[in-house]
$ cat final08.pdb   # PDB, C-alpha atoms
ATOM      1  CA  MET A   1     103.111 131.220 102.284
ATOM      2  CA  LYS A   2     105.005 132.887  99.425
ATOM      3  CA  ASN A   3     108.755 132.656  99.158
ATOM      4  CA  ARG A   4     111.623 133.896  96.984
ATOM      5  CA  LEU A   5     113.548 130.633  96.946
ATOM      6  CA  LYS A   6     113.344 130.168  93.179
ATOM      7  CA  VAL A   7     114.570 133.729  92.530
ATOM      8  CA  LEU A   8     117.396 133.474  95.056
ATOM      9  CA  ARG A   9     118.445 130.131  93.625
ATOM     10  CA  ALA A  10     118.366 131.461  90.052
ATOM     11  CA  GLU A  11     120.459 134.490  91.045
ATOM     12  CA  ARG A  12     123.185 132.104  92.171
ATOM     13  CA  ASP A  13     122.744 129.858  89.149
ATOM     14  CA  TRP A  14     122.062 126.873  91.388
ATOM     15  CA  SER A  15     119.992 123.898  90.337
ATOM     16  CA  GLN A  16     117.348 122.447  92.648
ATOM     17  CA  ALA A  17     119.742 119.577  93.276
ATOM     18  CA  ASP A  18     122.502 122.028  94.321
ATOM     19  CA  LEU A  19     120.190 123.751  96.794
ATOM     20  CA  ALA A  20     118.928 120.391  98.065
ATOM     21  CA  GLU A  21     122.499 119.302  98.758
ATOM     22  CA  ALA A  22     123.359 122.533 100.541
ATOM     23  CA  LEU A  23     120.252 122.267 102.745
ATOM     24  CA  GLN A  24     120.567 118.502 103.206
ATOM     25  CA  VAL A  25     117.068 117.784 101.919
ATOM     26  CA  SER A  26     115.756 116.034  98.816
ATOM     27  CA  ARG A  27     115.258 117.757  95.450
ATOM     28  CA  GLN A  28     111.540 116.991  95.711
ATOM     29  CA  THR A  29     111.426 118.966  98.961
ATOM     30  CA  ILE A  30     113.025 121.978  97.245
ATOM     31  CA  ASN A  31     110.428 121.738  94.474
ATOM     32  CA  ALA A  32     107.608 121.559  97.041
ATOM     33  CA  LEU A  33     109.038 124.612  98.823
ATOM     34  CA  GLU A  34     109.371 126.583  95.579
ATOM     35  CA  THR A  35     105.783 125.892  94.539
ATOM     36  CA  GLY A  36     104.724 127.385  97.889
ATOM     37  CA  LYS A  37     102.734 124.269  98.719
ATOM     38  CA  TYR A  38     104.988 123.196 101.561
ATOM     39  CA  ASP A  39     106.037 125.508 104.368
ATOM     40  CA  PRO A  40     109.372 124.624 105.970
ATOM     41  CA  SER A  41     109.872 124.069 109.676
ATOM     42  CA  LEU A  42     111.533 126.889 111.632
ATOM     43  CA  PRO A  43     114.922 125.098 111.730
ATOM     44  CA  LEU A  44     114.845 124.632 107.940
ATOM     45  CA  ALA A  45     113.697 128.237 107.397
ATOM     46  CA  PHE A  46     116.636 129.471 109.515
ATOM     47  CA  LYS A  47     118.987 127.224 107.566
ATOM     48  CA  ILE A  48     117.703 128.675 104.280
ATOM     49  CA  ALA A  49     118.094 132.212 105.638
ATOM     50  CA  ARG A  50     121.685 131.484 106.731
ATOM     51  CA  LEU A  51     122.531 129.940 103.369
ATOM     52  CA  PHE A  52     121.303 132.973 101.419
ATOM     53  CA  GLY A  53     122.557 135.447 104.042
ATOM     54  CA  GLN A  54     119.177 137.134 104.365
ATOM     55  CA  PRO A  55     116.576 137.505 107.143
ATOM     56  CA  ILE A  56     113.775 134.937 107.088
ATOM     57  CA  GLU A  57     111.106 137.607 106.455
ATOM     58  CA  THR A  58     112.766 138.693 103.211
ATOM     59  CA  ILE A  59     112.659 135.128 101.907
ATOM     60  CA  PHE A  60     109.232 134.072 103.225
ATOM     61  CA  GLN A  61     106.160 136.310 103.180
ATOM     62  CA  ASP A  62     102.920 135.535 104.973
ATOM     63  CA  GLU A  63      99.993 135.837 102.549
ATOM     64  CA  ALA A  64      97.481 136.639 105.324
TER      65      ALA A  64
ATOM     66  CA  MET B   1     130.601 121.440 104.493
ATOM     67  CA  GLU B   2     131.406 119.207 101.531
ATOM     68  CA  LYS B   3     131.793 116.215 103.817
ATOM     69  CA  ILE B   4     128.388 116.908 105.431
ATOM     70  CA  GLU B   5     126.734 117.257 101.995
ATOM     71  CA  ALA B   6     128.312 114.056 100.740
ATOM     72  CA  ARG B   7     127.163 112.198 103.866
ATOM     73  CA  LYS B   8     123.594 113.527 103.427
ATOM     74  CA  VAL B   9     123.448 112.500  99.790
ATOM     75  CA  SER B  10     124.432 108.993 100.776
ATOM     76  CA  ARG B  11     121.799 109.063 103.567
ATOM     77  CA  GLU B  12     119.113 109.919 100.980
ATOM     78  CA  GLU B  13     120.357 107.094  98.802
ATOM     79  CA  ILE B  14     120.321 104.685 101.733
ATOM     80  CA  ALA B  15     116.728 105.706 102.530
ATOM     81  CA  GLN B  16     115.707 105.080  98.915
ATOM     82  CA  ARG B  17     117.432 101.703  98.959
ATOM     83  CA  ILE B  18     115.707 100.776 102.216
ATOM     84  CA  MET B  19     112.328 101.623 100.674
ATOM     85  CA  ALA B  20     113.179  99.727  97.481
ATOM     86  CA  GLY B  21     114.363  96.767  99.559
ATOM     87  CA  CYS B  22     111.071  96.707 101.491
ATOM     88  CA  PHE B  23     109.103  96.757  98.211
ATOM     89  CA  VAL B  24     111.202  93.890  96.849
ATOM     90  CA  LEU B  25     110.808  91.910 100.091
ATOM     91  CA  GLY B  26     107.045  92.506 100.116
ATOM     92  CA  GLY B  27     106.836  91.535  96.458
ATOM     93  CA  LEU B  28     108.821  88.335  97.030
ATOM     94  CA  VAL B  29     106.688  87.253  99.991
ATOM     95  CA  GLY B  30     103.447  88.198  98.197
ATOM     96  CA  GLY B  31     104.660  86.489  95.039
ATOM     97  CA  ALA B  32     105.541  83.338  96.950
ATOM     98  CA  PHE B  33     102.066  83.193  98.495
ATOM     99  CA  ALA B  34     100.451  83.924  95.102
ATOM    100  CA  LEU B  35     102.510  81.162  93.467
ATOM    101  CA  ALA B  36     101.572  78.719  96.213
ATOM    102  CA  THR B  37      97.888  79.587  95.681
ATOM    103  CA  LEU B  38      98.239  79.062  91.909
ATOM    104  CA  LEU B  39      99.794  75.663  92.569
ATOM    105  CA  HIS B  40      96.800  74.877  94.833
ATOM    106  CA  TRP B  41      98.984  74.425  97.886
ATOM    107  CA  GLU B  42      97.147  74.652 101.147
ATOM    108  CA  ILE B  43      98.686  77.525 103.098
ATOM    109  CA  PRO B  44      97.498  77.623 106.696
ATOM    110  CA  LEU B  45      96.395  81.066 107.856
ATOM    111  CA  TRP B  46      98.728  80.883 110.854
ATOM    112  CA  LEU B  47     101.679  80.664 108.448
ATOM    113  CA  ILE B  48     100.610  83.784 106.526
ATOM    114  CA  GLY B  49      99.964  85.605 109.798
ATOM    115  CA  GLY B  50     103.258  84.400 111.261
ATOM    116  CA  VAL B  51     105.244  85.572 108.240
ATOM    117  CA  LEU B  52     103.492  88.959 108.379
ATOM    118  CA  VAL B  53     104.205  89.389 112.095
ATOM    119  CA  VAL B  54     107.873  88.384 111.690
ATOM    120  CA  LEU B  55     108.274  90.784 108.739
ATOM    121  CA  MET B  56     106.619  93.640 110.615
ATOM    122  CA  VAL B  57     108.791  93.100 113.694
ATOM    123  CA  LEU B  58     111.938  92.905 111.528
ATOM    124  CA  LEU B  59     110.934  96.085 109.737
ATOM    125  CA  VAL B  60     110.614  98.141 112.948
ATOM    126  CA  PRO B  61     114.370  98.903 113.223
ATOM    127  CA  VAL B  62     114.548  99.331 109.433
ATOM    128  CA  THR B  63     111.718 101.881 109.666
ATOM    129  CA  ILE B  64     113.545 103.762 112.436
ATOM    130  CA  ILE B  65     116.691 103.943 110.283
ATOM    131  CA  TYR B  66     114.625 105.019 107.244
ATOM    132  CA  TRP B  67     112.839 107.705 109.309
ATOM    133  CA  ARG B  68     116.169 109.171 110.405
ATOM    134  CA  MET B  69     117.446 109.255 106.827
ATOM    135  CA  ILE B  70     114.590 111.203 105.234
ATOM    136  CA  ASP B  71     113.984 114.964 105.435
ATOM    137  CA  GLU B  72     111.104 116.831 107.061
ATOM    138  CA  ALA B  73     108.876 117.029 103.952
ATOM    139  CA  ALA B  74     109.183 113.292 103.399
ATOM    140  CA  ARG B  75     108.221 112.735 107.062
ATOM    141  CA  GLU B  76     105.260 115.086 106.668
ATOM    142  CA  ALA B  77     104.104 113.095 103.619
ATOM    143  CA  HIS B  78     104.214 109.876 105.648
ATOM    144  CA  LYS B  79     102.333 111.437 108.586
ATOM    145  CA  PHE B  80      99.653 112.754 106.213
ATOM    146  CA  ALA B  81      99.422 109.356 104.510
ATOM    147  CA  TRP B  82      99.210 107.548 107.851
ATOM    148  CA  PHE B  83      96.352 109.717 109.097
ATOM    149  CA  TRP B  84      94.258 110.264 105.972
ATOM    150  CA  GLY B  85      95.201 107.239 103.882
ATOM    151  CA  GLY B  86      95.148 104.882 106.839
ATOM    152  CA  GLN B  87      91.804 106.153 108.102
ATOM    153  CA  GLY B  88      90.317 106.248 104.600
ATOM    154  CA  GLY B  89      91.415 102.666 104.047
ATOM    155  CA  MET B  90      89.908 101.701 107.394
ATOM    156  CA  LEU B  91      86.547 103.245 106.426
ATOM    157  CA  ILE B  92      86.553 101.414 103.084
ATOM    158  CA  ALA B  93      87.389  98.161 104.878
ATOM    159  CA  LEU B  94      84.495  98.796 107.268
ATOM    160  CA  GLY B  95      82.156  99.367 104.302
ATOM    161  CA  LEU B  96      83.385  96.194 102.617
ATOM    162  CA  GLY B  97      82.829  94.310 105.865
ATOM    163  CA  LEU B  98      79.217  95.480 106.011
ATOM    164  CA  LEU B  99      78.684  94.511 102.367
ATOM    165  CA  GLY B 100      80.317  91.092 102.865
ATOM    166  CA  ASP B 101      78.389  88.177 101.382
ATOM    167  CA  SER B 102      78.787  85.011 103.464
ATOM    168  CA  GLU B 103      78.394  82.612 100.553
ATOM    169  CA  LYS B 104      81.003  84.385  98.420
ATOM    170  CA  LEU B 105      83.398  84.578 101.370
ATOM    171  CA  VAL B 106      83.037  80.861 102.079
ATOM    172  CA  ALA B 107      83.554  80.127  98.371
ATOM    173  CA  ALA B 108      86.748  82.203  98.383
ATOM    174  CA  TYR B 109      88.299  81.213 101.706
ATOM    175  CA  GLY B 110      86.550  77.990 102.703
ATOM    176  CA  ASP B 111      84.471  77.352 105.796
ATOM    177  CA  LEU B 112      86.732  78.909 108.429
ATOM    178  CA  LYS B 113      86.399  79.052 112.164
ATOM    179  CA  ALA B 114      85.842  82.338 113.984
ATOM    180  CA  ALA B 115      89.579  82.955 114.438
ATOM    181  CA  GLY B 116      90.146  82.360 110.726
ATOM    182  CA  TRP B 117      87.490  84.889 109.752
ATOM    183  CA  MET B 118      88.980  87.372 112.172
ATOM    184  CA  PHE B 119      92.343  86.940 110.467
ATOM    185  CA  VAL B 120      90.809  87.365 106.994
ATOM    186  CA  GLY B 121      89.169  90.570 108.250
ATOM    187  CA  MET B 122      92.454  91.841 109.702
ATOM    188  CA  LEU B 123      94.235  91.060 106.431
ATOM    189  CA  ALA B 124      91.553  92.893 104.406
ATOM    190  CA  LEU B 125      91.858  95.877 106.779
ATOM    191  CA  LEU B 126      95.648  95.877 106.412
ATOM    192  CA  ILE B 127      95.431  95.742 102.603
ATOM    193  CA  CYS B 128      92.869  98.585 102.489
ATOM    194  CA  GLN B 129      95.039 100.698 104.808
ATOM    195  CA  ILE B 130      98.195 100.053 102.782
ATOM    196  CA  VAL B 131      96.414 100.997  99.532
ATOM    197  CA  GLY B 132      94.962 104.126 101.178
ATOM    198  CA  TYR B 133      98.367 105.004 102.602
ATOM    199  CA  GLY B 134     100.051 104.627  99.218
ATOM    200  CA  LEU B 135      97.437 106.754  97.439
ATOM    201  CA  ALA B 136      97.541 109.512 100.080
ATOM    202  CA  TRP B 137     101.356 109.521 100.085
ATOM    203  CA  ALA B 138     101.564 109.745  96.276
ATOM    204  CA  GLY B 139      98.834 112.431  96.256
ATOM    205  CA  TRP B 140     100.699 114.535  98.848
ATOM    206  CA  TRP B 141     103.812 114.589  96.681
ATOM    207  CA  LEU B 142     101.993 115.034  93.357
ATOM    208  CA  ILE B 143     100.130 118.123  94.624
ATOM    209  CA  ARG B 144     103.398 119.665  95.829
ATOM    210  CA  GLN B 145     105.377 119.034  92.665
ATOM    211  CA  ARG B 146     103.215 121.214  90.379
TER     212      ARG B 146
END
$ encode --input "final08.pdb" --output "C-alpha coordinates"
Amino acid sequence: MKNRLKVLRAERDWSQADLAEALQVSRQTINALETGKYDPSLPLAFKIARLFGQPIETIFQDEA
Amino acid sequence: MEKIEARKVSREEIAQRIMAGCFVLGGLVGGAFALATLLHWEIPLWLIGGVLVVLMVLLVPVTIIYWRMIDEAAREAHKFAWFWGGQGGMLIALGLGLLGDSEKLVAAYGDLKAAGWMFVGMLALLICQIVGYGLAWAGWWLIRQR
(Lines of atoms letter the chains of each structure in order from A and count residues from 1; the text may use other names and numbers.)
(Lines give C-alpha, C1' and ligand atoms only; values in the text may rest on other atoms or scores of the structure.)
Protein backbone atom coordinates (compact mmCIF):
# COMPACT_ATOMS: atom_id res chain seq x y z
CA MET A 1 0.00 0.00 0.00
CA LYS A 2 1.32 3.44 -0.99
CA ASN A 3 1.10 6.37 1.36
CA ARG A 4 1.90 10.09 1.50
CA LEU A 5 3.28 10.09 5.03
CA LYS A 6 6.76 11.26 4.03
CA VAL A 7 5.34 14.15 1.97
CA LEU A 8 2.89 15.20 4.68
CA ARG A 9 5.63 15.05 7.29
CA ALA A 10 8.02 17.08 5.12
CA GLU A 11 5.35 19.73 4.50
CA ARG A 12 5.17 20.28 8.25
CA ASP A 13 8.94 20.13 8.65
CA TRP A 14 8.63 17.28 11.13
CA SER A 15 11.32 14.70 11.71
CA GLN A 16 10.47 11.00 11.91
CA ALA A 17 11.01 11.27 15.65
CA ASP A 18 8.48 14.15 15.87
CA LEU A 19 5.86 12.13 14.01
CA ALA A 20 6.64 9.04 16.10
CA GLU A 21 6.06 11.04 19.28
CA ALA A 22 2.80 12.49 18.02
CA LEU A 23 1.52 9.03 17.04
CA GLN A 24 2.96 7.33 20.12
CA VAL A 25 4.94 4.78 18.12
CA SER A 26 8.66 4.22 17.60
CA ARG A 27 10.74 6.02 14.96
CA GLN A 28 11.46 2.65 13.35
CA THR A 29 7.72 2.14 12.89
CA ILE A 30 7.44 5.51 11.11
CA ASN A 31 10.31 4.51 8.83
CA ALA A 32 8.63 1.16 8.08
CA LEU A 33 5.37 2.97 7.29
CA GLU A 34 7.10 5.49 5.01
CA THR A 35 8.87 2.79 3.01
CA GLY A 36 5.42 1.28 2.36
CA LYS A 37 6.57 -2.08 3.69
CA TYR A 38 4.35 -1.99 6.75
CA ASP A 39 0.64 -1.24 6.60
CA PRO A 40 -0.78 0.29 9.78
CA SER A 41 -3.74 -1.10 11.68
CA LEU A 42 -7.07 0.71 11.25
CA PRO A 43 -6.76 2.49 14.64
CA LEU A 44 -3.29 3.77 13.71
CA ALA A 45 -4.45 4.78 10.22
CA PHE A 46 -7.32 6.78 11.78
CA LYS A 47 -4.88 8.37 14.21
CA ILE A 48 -2.62 9.40 11.32
CA ALA A 49 -5.60 10.80 9.42
CA ARG A 50 -6.71 12.82 12.47
CA LEU A 51 -3.20 14.14 13.03
CA PHE A 52 -2.87 15.40 9.45
CA GLY A 53 -6.53 16.46 9.25
CA GLN A 54 -7.14 14.47 6.08
CA PRO A 55 -9.31 11.47 5.13
CA ILE A 56 -7.56 8.10 5.29
CA GLU A 57 -7.95 7.52 1.52
CA THR A 58 -5.98 10.66 0.69
CA ILE A 59 -3.07 9.45 2.81
CA PHE A 60 -3.15 5.73 1.93
CA GLN A 61 -3.77 4.40 -1.58
CA ASP A 62 -4.42 0.76 -2.40
CA GLU A 63 -2.07 -0.39 -5.16
CA ALA A 64 -4.46 -3.12 -6.38
CA MET B 1 -1.11 16.02 24.46
CA GLU B 2 2.41 16.82 25.63
CA LYS B 3 1.90 14.79 28.77
CA ILE B 4 0.69 11.78 26.73
CA GLU B 5 3.69 12.07 24.37
CA ALA B 6 6.13 12.32 27.25
CA ARG B 7 4.56 9.27 28.92
CA LYS B 8 4.81 7.28 25.65
CA VAL B 9 8.45 8.18 25.14
CA SER B 10 9.21 6.90 28.61
CA ARG B 11 7.19 3.73 27.86
CA GLU B 12 9.37 3.09 24.78
CA GLU B 13 12.46 3.64 26.89
CA ILE B 14 11.17 1.28 29.57
CA ALA B 15 10.52 -1.38 26.91
CA GLN B 16 14.06 -0.98 25.58
CA ARG B 17 15.46 -1.23 29.10
CA ILE B 18 13.40 -4.36 29.78
CA MET B 19 14.80 -5.97 26.62
CA ALA B 20 18.34 -4.87 27.49
CA GLY B 21 17.88 -6.19 31.03
CA CYS B 22 16.75 -9.59 29.71
CA PHE B 23 19.82 -9.75 27.43
CA VAL B 24 22.10 -8.89 30.35
CA LEU B 25 20.38 -11.46 32.59
CA GLY B 26 20.63 -14.13 29.89
CA GLY B 27 24.27 -13.25 29.30
CA LEU B 28 25.08 -13.42 33.01
CA VAL B 29 23.42 -16.82 33.47
CA GLY B 30 24.96 -18.17 30.24
CA GLY B 31 28.33 -16.72 31.20
CA ALA B 32 28.14 -18.29 34.65
CA PHE B 33 27.42 -21.72 33.15
CA ALA B 34 30.19 -21.24 30.55
CA LEU B 35 32.65 -20.25 33.28
CA ALA B 36 31.68 -23.25 35.38
CA THR B 37 32.25 -25.51 32.34
CA LEU B 38 35.67 -23.93 31.73
CA LEU B 39 36.58 -24.57 35.36
CA HIS B 40 35.49 -28.21 34.85
CA TRP B 41 32.79 -27.97 37.48
CA GLU B 42 30.17 -30.65 37.25
CA ILE B 43 26.83 -28.91 36.71
CA PRO B 44 23.90 -31.27 37.08
CA LEU B 45 21.35 -31.00 34.27
CA TRP B 46 18.53 -30.50 36.78
CA LEU B 47 20.25 -27.30 37.95
CA ILE B 48 20.49 -25.89 34.42
CA GLY B 49 16.89 -26.89 33.75
CA GLY B 50 15.75 -25.48 37.09
CA VAL B 51 17.44 -22.13 36.47
CA LEU B 52 15.89 -21.97 32.98
CA VAL B 53 12.40 -22.75 34.29
CA VAL B 54 12.70 -20.18 37.12
CA LEU B 55 13.95 -17.53 34.66
CA MET B 56 11.17 -18.26 32.18
CA VAL B 57 8.49 -18.08 34.88
CA LEU B 58 9.96 -14.82 36.23
CA LEU B 59 10.05 -13.38 32.73
CA VAL B 60 6.33 -13.99 32.07
CA PRO B 61 5.15 -10.81 33.87
CA VAL B 62 8.14 -8.91 32.45
CA THR B 63 7.09 -10.03 28.96
CA ILE B 64 3.52 -8.86 29.58
CA ILE B 65 4.79 -5.43 30.66
CA TYR B 66 7.15 -5.29 27.65
CA TRP B 67 4.32 -6.28 25.28
CA ARG B 68 2.15 -3.44 26.57
CA MET B 69 4.97 -0.93 26.14
CA ILE B 70 5.78 -1.60 22.48
CA ASP B 71 3.82 -0.39 19.43
CA GLU B 72 1.93 -2.44 16.85
CA ALA B 73 4.81 -2.81 14.36
CA ALA B 74 7.11 -4.09 17.09
CA ARG B 75 4.41 -6.62 18.10
CA GLU B 76 4.01 -7.67 14.47
CA ALA B 77 7.78 -8.25 14.24
CA HIS B 78 7.65 -10.50 17.30
CA LYS B 79 4.64 -12.45 15.97
CA PHE B 80 6.41 -12.96 12.63
CA ALA B 81 9.59 -14.03 14.42
CA TRP B 82 7.68 -16.41 16.68
CA PHE B 83 5.96 -18.15 13.77
CA TRP B 84 8.67 -18.24 11.10
CA GLY B 85 11.82 -18.06 13.20
CA GLY B 86 10.49 -20.42 15.84
CA GLN B 87 9.27 -22.96 13.30
CA GLY B 88 12.44 -22.64 11.20
CA GLY B 89 14.54 -23.23 14.30
CA MET B 90 12.39 -26.24 15.17
CA LEU B 91 12.95 -27.74 11.70
CA ILE B 92 16.71 -27.22 11.96
CA ALA B 93 16.68 -28.82 15.41
CA LEU B 94 14.76 -31.77 13.97
CA GLY B 95 17.36 -32.12 11.18
CA LEU B 96 20.20 -31.94 13.70
CA GLY B 97 18.45 -34.60 15.78
CA LEU B 98 18.28 -36.94 12.79
CA LEU B 99 21.96 -36.31 12.00
CA GLY B 100 23.00 -36.83 15.64
CA ASP B 101 26.01 -39.09 16.12
CA SER B 102 25.76 -41.12 19.34
CA GLU B 103 29.50 -41.35 19.91
CA LYS B 104 30.04 -37.60 19.51
CA LEU B 105 27.07 -36.85 21.77
CA VAL B 106 28.38 -39.16 24.49
CA ALA B 107 31.83 -37.58 24.15
CA ALA B 108 30.30 -34.11 24.57
CA TYR B 109 27.73 -34.73 27.29
CA GLY B 110 28.76 -38.02 28.91
CA ASP B 111 26.75 -41.21 29.11
CA LEU B 112 23.39 -39.80 30.19
CA LYS B 113 20.18 -41.53 31.08
CA ALA B 114 17.07 -41.18 28.93
CA ALA B 115 15.81 -38.16 30.89
CA GLY B 116 19.19 -36.46 30.47
CA TRP B 117 19.15 -36.96 26.71
CA MET B 118 15.62 -35.63 26.58
CA PHE B 119 16.79 -32.50 28.38
CA VAL B 120 19.77 -32.07 26.03
CA GLY B 121 17.34 -32.37 23.11
CA MET B 122 14.97 -29.80 24.63
CA LEU B 123 17.89 -27.43 25.23
CA ALA B 124 19.10 -27.84 21.62
CA LEU B 125 15.54 -27.18 20.39
CA LEU B 126 15.28 -24.06 22.57
CA ILE B 127 18.63 -22.73 21.31
CA CYS B 128 17.69 -23.36 17.65
CA GLN B 129 14.33 -21.63 18.17
CA ILE B 130 15.91 -18.62 19.90
CA VAL B 131 18.47 -18.24 17.09
CA GLY B 132 15.72 -18.59 14.46
CA TYR B 133 13.56 -16.10 16.34
CA GLY B 134 16.38 -13.57 16.54
CA LEU B 135 17.22 -13.88 12.84
CA ALA B 136 13.58 -13.60 11.74
CA TRP B 137 12.99 -10.61 14.04
CA ALA B 138 16.10 -8.78 12.78
CA GLY B 139 15.18 -9.65 9.17
CA TRP B 140 11.64 -8.27 9.59
CA TRP B 141 12.99 -4.92 10.74
CA LEU B 142 15.88 -4.77 8.25
CA ILE B 143 13.53 -5.30 5.28
CA ARG B 144 11.24 -2.52 6.52
CA GLN B 145 13.96 0.04 7.16
CA ARG B 146 15.14 0.31 3.53
$ resolve_selection --input "final08.pdb" --expression "the PyMOL selection byres ((chain A and resi 8) around 12)" --output "number ranges by chain"
A: 3-7, 9-16, 19, 34, 48-49, 51-54, 58-60
$ write_last_selection --input "final08.pdb" --atoms "C-alpha atoms" --output "PDB file, keeping the file's coordinate frame"
ATOM      1  CA  ASN A   3     108.755 132.656  99.158  1.00  0.00           C
ATOM      2  CA  ARG A   4     111.623 133.896  96.984  1.00  0.00           C
ATOM      3  CA  LEU A   5     113.548 130.633  96.946  1.00  0.00           C
ATOM      4  CA  LYS A   6     113.344 130.168  93.179  1.00  0.00           C
ATOM      5  CA  VAL A   7     114.570 133.729  92.530  1.00  0.00           C
ATOM      6  CA  ARG A   9     118.445 130.131  93.625  1.00  0.00           C
ATOM      7  CA  ALA A  10     118.366 131.461  90.052  1.00  0.00           C
ATOM      8  CA  GLU A  11     120.459 134.490  91.045  1.00  0.00           C
ATOM      9  CA  ARG A  12     123.185 132.104  92.171  1.00  0.00           C
ATOM     10  CA  ASP A  13     122.744 129.858  89.149  1.00  0.00           C
ATOM     11  CA  TRP A  14     122.062 126.873  91.388  1.00  0.00           C
ATOM     12  CA  SER A  15     119.992 123.898  90.337  1.00  0.00           C
ATOM     13  CA  GLN A  16     117.348 122.447  92.648  1.00  0.00           C
ATOM     14  CA  LEU A  19     120.190 123.751  96.794  1.00  0.00           C
ATOM     15  CA  GLU A  34     109.371 126.583  95.579  1.00  0.00           C
ATOM     16  CA  ILE A  48     117.703 128.675 104.280  1.00  0.00           C
ATOM     17  CA  ALA A  49     118.094 132.212 105.638  1.00  0.00           C
ATOM     18  CA  LEU A  51     122.531 129.940 103.369  1.00  0.00           C
ATOM     19  CA  PHE A  52     121.303 132.973 101.419  1.00  0.00           C
ATOM     20  CA  GLY A  53     122.557 135.447 104.042  1.00  0.00           C
ATOM     21  CA  GLN A  54     119.177 137.134 104.365  1.00  0.00           C
ATOM     22  CA  THR A  58     112.766 138.693 103.211  1.00  0.00           C
ATOM     23  CA  ILE A  59     112.659 135.128 101.907  1.00  0.00           C
ATOM     24  CA  PHE A  60     109.232 134.072 103.225  1.00  0.00           C
TER      25      PHE A  60
END
$ closest_atom_pairs --input "final08.pdb" --of "chain A" --to "chain B" --cutoff "10 Å" --atoms "all atoms listed in the file" --output "tab-separated table"
residue	atom	partner	partner_atom	distance
A:Asp18	CA	B:Glu5	CA	10.0
A:Ala20	CA	B:Val9	CA	9.3
A:Glu21	CA	B:Glu5	CA	5.7
A:Ala22	CA	B:Glu5	CA	6.4
A:Leu23	CA	B:Glu5	CA	8.2
A:Gln24	CA	B:Lys8	CA	5.8
A:Val25	CA	B:Asp71	CA	5.5
A:Ser26	CA	B:Asp71	CA	6.9
A:Gln28	CA	B:Gln145	CA	7.2
A:Thr29	CA	B:Ala73	CA	5.9
A:Ile30	CA	B:Ala73	CA	9.3
A:Asn31	CA	B:Gln145	CA	6.0
A:Ala32	CA	B:Arg144	CA	4.8
A:Leu33	CA	B:Arg144	CA	8.1
A:Glu34	CA	B:Gln145	CA	9.0
A:Thr35	CA	B:Arg146	CA	6.8
A:Gly36	CA	B:Arg144	CA	8.1
A:Lys37	CA	B:Arg144	CA	5.5
A:Tyr38	CA	B:Arg144	CA	6.9
A:Asp39	CA	B:Ala73	CA	9.0
A:Pro40	CA	B:Ala73	CA	7.9
A:Ser41	CA	B:Glu72	CA	7.8
A:Leu44	CA	B:Glu72	CA	8.7
$ write_last_selection --input "final08.pdb" --atoms "C-alpha atoms" --output "tab-separated table (two decimals), in the frame of the given file"
chain	number	residue	atom	x	y	z
A	18	ASP	CA	122.50	122.03	94.32
A	20	ALA	CA	118.93	120.39	98.06
A	21	GLU	CA	122.50	119.30	98.76
A	22	ALA	CA	123.36	122.53	100.54
A	23	LEU	CA	120.25	122.27	102.74
A	24	GLN	CA	120.57	118.50	103.21
A	25	VAL	CA	117.07	117.78	101.92
A	26	SER	CA	115.76	116.03	98.82
A	28	GLN	CA	111.54	116.99	95.71
A	29	THR	CA	111.43	118.97	98.96
A	30	ILE	CA	113.02	121.98	97.24
A	31	ASN	CA	110.43	121.74	94.47
A	32	ALA	CA	107.61	121.56	97.04
A	33	LEU	CA	109.04	124.61	98.82
A	34	GLU	CA	109.37	126.58	95.58
A	35	THR	CA	105.78	125.89	94.54
A	36	GLY	CA	104.72	127.38	97.89
A	37	LYS	CA	102.73	124.27	98.72
A	38	TYR	CA	104.99	123.20	101.56
A	39	ASP	CA	106.04	125.51	104.37
A	40	PRO	CA	109.37	124.62	105.97
A	41	SER	CA	109.87	124.07	109.68
A	44	LEU	CA	114.84	124.63	107.94
$ atom_distance --input "final08.pdb" --atom1 "atom CA of B:Leu98" --atom2 "atom CA of B:Gly139"
27.7 Å
$ closest_residue --input "final08.pdb" --among "B:Val62, B:Val53, B:Leu45, B:Leu94" --to "B:Ala115" --atoms "all atoms listed in the file"
B:Leu45
$ atom_distance --input "final08.pdb" --atom1 "atom CA of B:Gly50" --atom2 "atom CA of B:Val131"
21.4 Å
$ residues_around --input "final08.pdb" --residues "A:Glu63" --least-positions-apart "2" --cutoff "9 Å" --atoms "only C-alpha atoms" --output "list in words"
Met1, Lys2 and Gln61 of chain A
$ atom_distance --input "final08.pdb" --atom1 "atom CA of B:Ala136" --atom2 "atom CA of B:Ala81"
4.8 Å
$ resolve_selection --input "final08.pdb" --expression "the PyMOL selection byres ((chain B and resi 20-25) around 12)" --output "JSON, numbers by chain"
{"B": [13, 14, 15, 16, 17, 18, 19, 26, 27, 28, 29, 30, 31, 32, 51, 52, 55, 56, 58, 59, 60, 62, 63, 66]}
$ resolve_selection --input "final08.pdb" --expression "the PyMOL selection byres ((chain B and resi 123) around 12)" --output "PyMOL selection string"
chain B and resi 45-46+48-49+52-53+90+93+97+116-122+124-130
